[in-house]
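Input: a single structure, listed below in structure tokens.
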Amino acid sequence: MAQLKITLKKSLIGRPKDQIATAQSLGLTKPGHTTVQPDNVQTQGKVAKIRHLIEVSEA
């Protein structure tokens, strides 16, 4: 199964609560944190919601 490497590039300070919750559900809390998630529909939806805050690549 494909994996996505997701890195938080911008701070969550001042962001709407739903964007903060989405980042936290991906395991991202501070800028620079990186996590590896499965490439499925749920993860793609979360990535789409906060795409302006993160950087995504294949793991």
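Residues are referred to by chain and number: the chain letter is A, B, ... according to the order shown in the structure tokens, the number counts from 1 in that chain, and ligands are numbered separately from 1 in the order shown.
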- Message: Which residues are close to Lys9 of chain A, i.e. within 8 Å by only C-alpha atoms, leaving aside same-chain residues fewer than 3 positions away? Reply as a PyMOL selection string.
- Response: chain A and resi 31-32+53-55
- Task: List every residue of chain A that DSSP, applied to the backbone of this structure, places in helix (DSSP H, G or I), and write the result as a PyMOL selection string.
- Result: chain A and resi 17-25+41-49
Output of the above residues as a compact mmCIF listing (two decimals), in the first residue's frame, restricted to N, CA, C and O atoms:
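Contents of part-v6.txt, freshly written:
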# COMPACT_ATOMS: atom_id res chain seq x y z
N LYS A 17 -10.32 26.32 14.07
CA LYS A 17 -10.25 25.11 14.90
C LYS A 17 -10.34 23.83 14.07
O LYS A 17 -9.72 22.83 14.41
N ASP A 18 -11.10 23.86 12.97
CA ASP A 18 -11.22 22.65 12.16
C ASP A 18 -9.89 22.31 11.47
O ASP A 18 -9.55 21.14 11.33
N GLN A 19 -9.12 23.31 11.07
CA GLN A 19 -7.81 23.05 10.46
C GLN A 19 -6.82 22.53 11.49
O GLN A 19 -6.02 21.63 11.19
N ILE A 20 -6.87 23.07 12.69
CA ILE A 20 -6.00 22.59 13.77
C ILE A 20 -6.32 21.13 14.08
O ILE A 20 -5.42 20.29 14.23
N ALA A 21 -7.60 20.81 14.18
CA ALA A 21 -8.03 19.44 14.48
C ALA A 21 -7.61 18.48 13.37
O ALA A 21 -7.19 17.35 13.65
N THR A 22 -7.68 18.92 12.13
CA THR A 22 -7.27 18.08 11.00
C THR A 22 -5.78 17.80 11.07
O THR A 22 -5.34 16.66 10.89
N ALA A 23 -4.98 18.82 11.34
CA ALA A 23 -3.53 18.64 11.45
C ALA A 23 -3.20 17.68 12.60
O ALA A 23 -2.36 16.80 12.46
N GLN A 24 -3.88 17.85 13.72
CA GLN A 24 -3.63 16.97 14.87
C GLN A 24 -4.04 15.54 14.58
O GLN A 24 -3.39 14.60 15.04
N SER A 25 -5.10 15.35 13.80
CA SER A 25 -5.52 13.99 13.46
C SER A 25 -4.50 13.30 12.56
O SER A 25 -4.43 12.07 12.53
N VAL A 41 -8.51 7.38 0.90
CA VAL A 41 -9.47 8.47 0.70
C VAL A 41 -9.53 9.40 1.92
O VAL A 41 -9.59 10.62 1.77
N GLN A 42 -9.50 8.83 3.11
CA GLN A 42 -9.59 9.65 4.32
C GLN A 42 -8.39 10.58 4.44
O GLN A 42 -8.54 11.77 4.72
N THR A 43 -7.20 10.06 4.21
CA THR A 43 -5.99 10.87 4.31
C THR A 43 -5.98 11.94 3.22
O THR A 43 -5.61 13.08 3.47
N GLN A 44 -6.40 11.59 2.02
CA GLN A 44 -6.43 12.56 0.93
C GLN A 44 -7.39 13.71 1.24
O GLN A 44 -7.11 14.86 0.90
N GLY A 45 -8.50 13.42 1.90
CA GLY A 45 -9.44 14.47 2.30
C GLY A 45 -8.84 15.41 3.32
O GLY A 45 -9.01 16.63 3.25
N LYS A 46 -8.13 14.84 4.30
CA LYS A 46 -7.47 15.66 5.31
C LYS A 46 -6.39 16.53 4.68
O LYS A 46 -6.26 17.72 5.01
N VAL A 47 -5.62 15.95 3.78
CA VAL A 47 -4.56 16.70 3.09
C VAL A 47 -5.17 17.84 2.28
O VAL A 47 -4.65 18.97 2.28
N ALA A 48 -6.29 17.61 1.61
CA ALA A 48 -6.93 18.64 0.81
C ALA A 48 -7.39 19.81 1.68
O ALA A 48 -7.35 20.96 1.26
N LYS A 49 -7.82 19.51 2.89
CA LYS A 49 -8.35 20.54 3.79
C LYS A 49 -7.25 21.50 4.26
O LYS A 49 -7.50 22.69 4.45
- Item | Every residue of segment 5-51 of chain A that DSSP places in strand (DSSP E), as a PyMOL selection string | chain A and resi 5-8+34-38
- When distances are computed from only C-alpha atoms, which of A:Pro16, A:Lys10, A:Ala2, A:Glu58 shows the smallest separation from Thr29 of chain A? A:Lys10
- Distance in Å - atom CA of His52 of chain A versus atom CA of Met1 of chain A: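 Going from atom CA of His52 of chain A over to atom CA of Met1 of chain A covers 25.5 Å.
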- Query: atom CA of Arg51 of chain A and atom CA of Gln3 of chain A are how many Å apart?
  - Reply: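 That distance, rounded to one decimal, is 16.7 Å.
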- Point-to-point distance from atom CA of Gln37 of chain A to atom CA of Arg15 of chain A, Å rounded to tenths: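 For atom CA of Gln37 of chain A relative to atom CA of Arg15 of chain A, the distance reads 22.4 Å.
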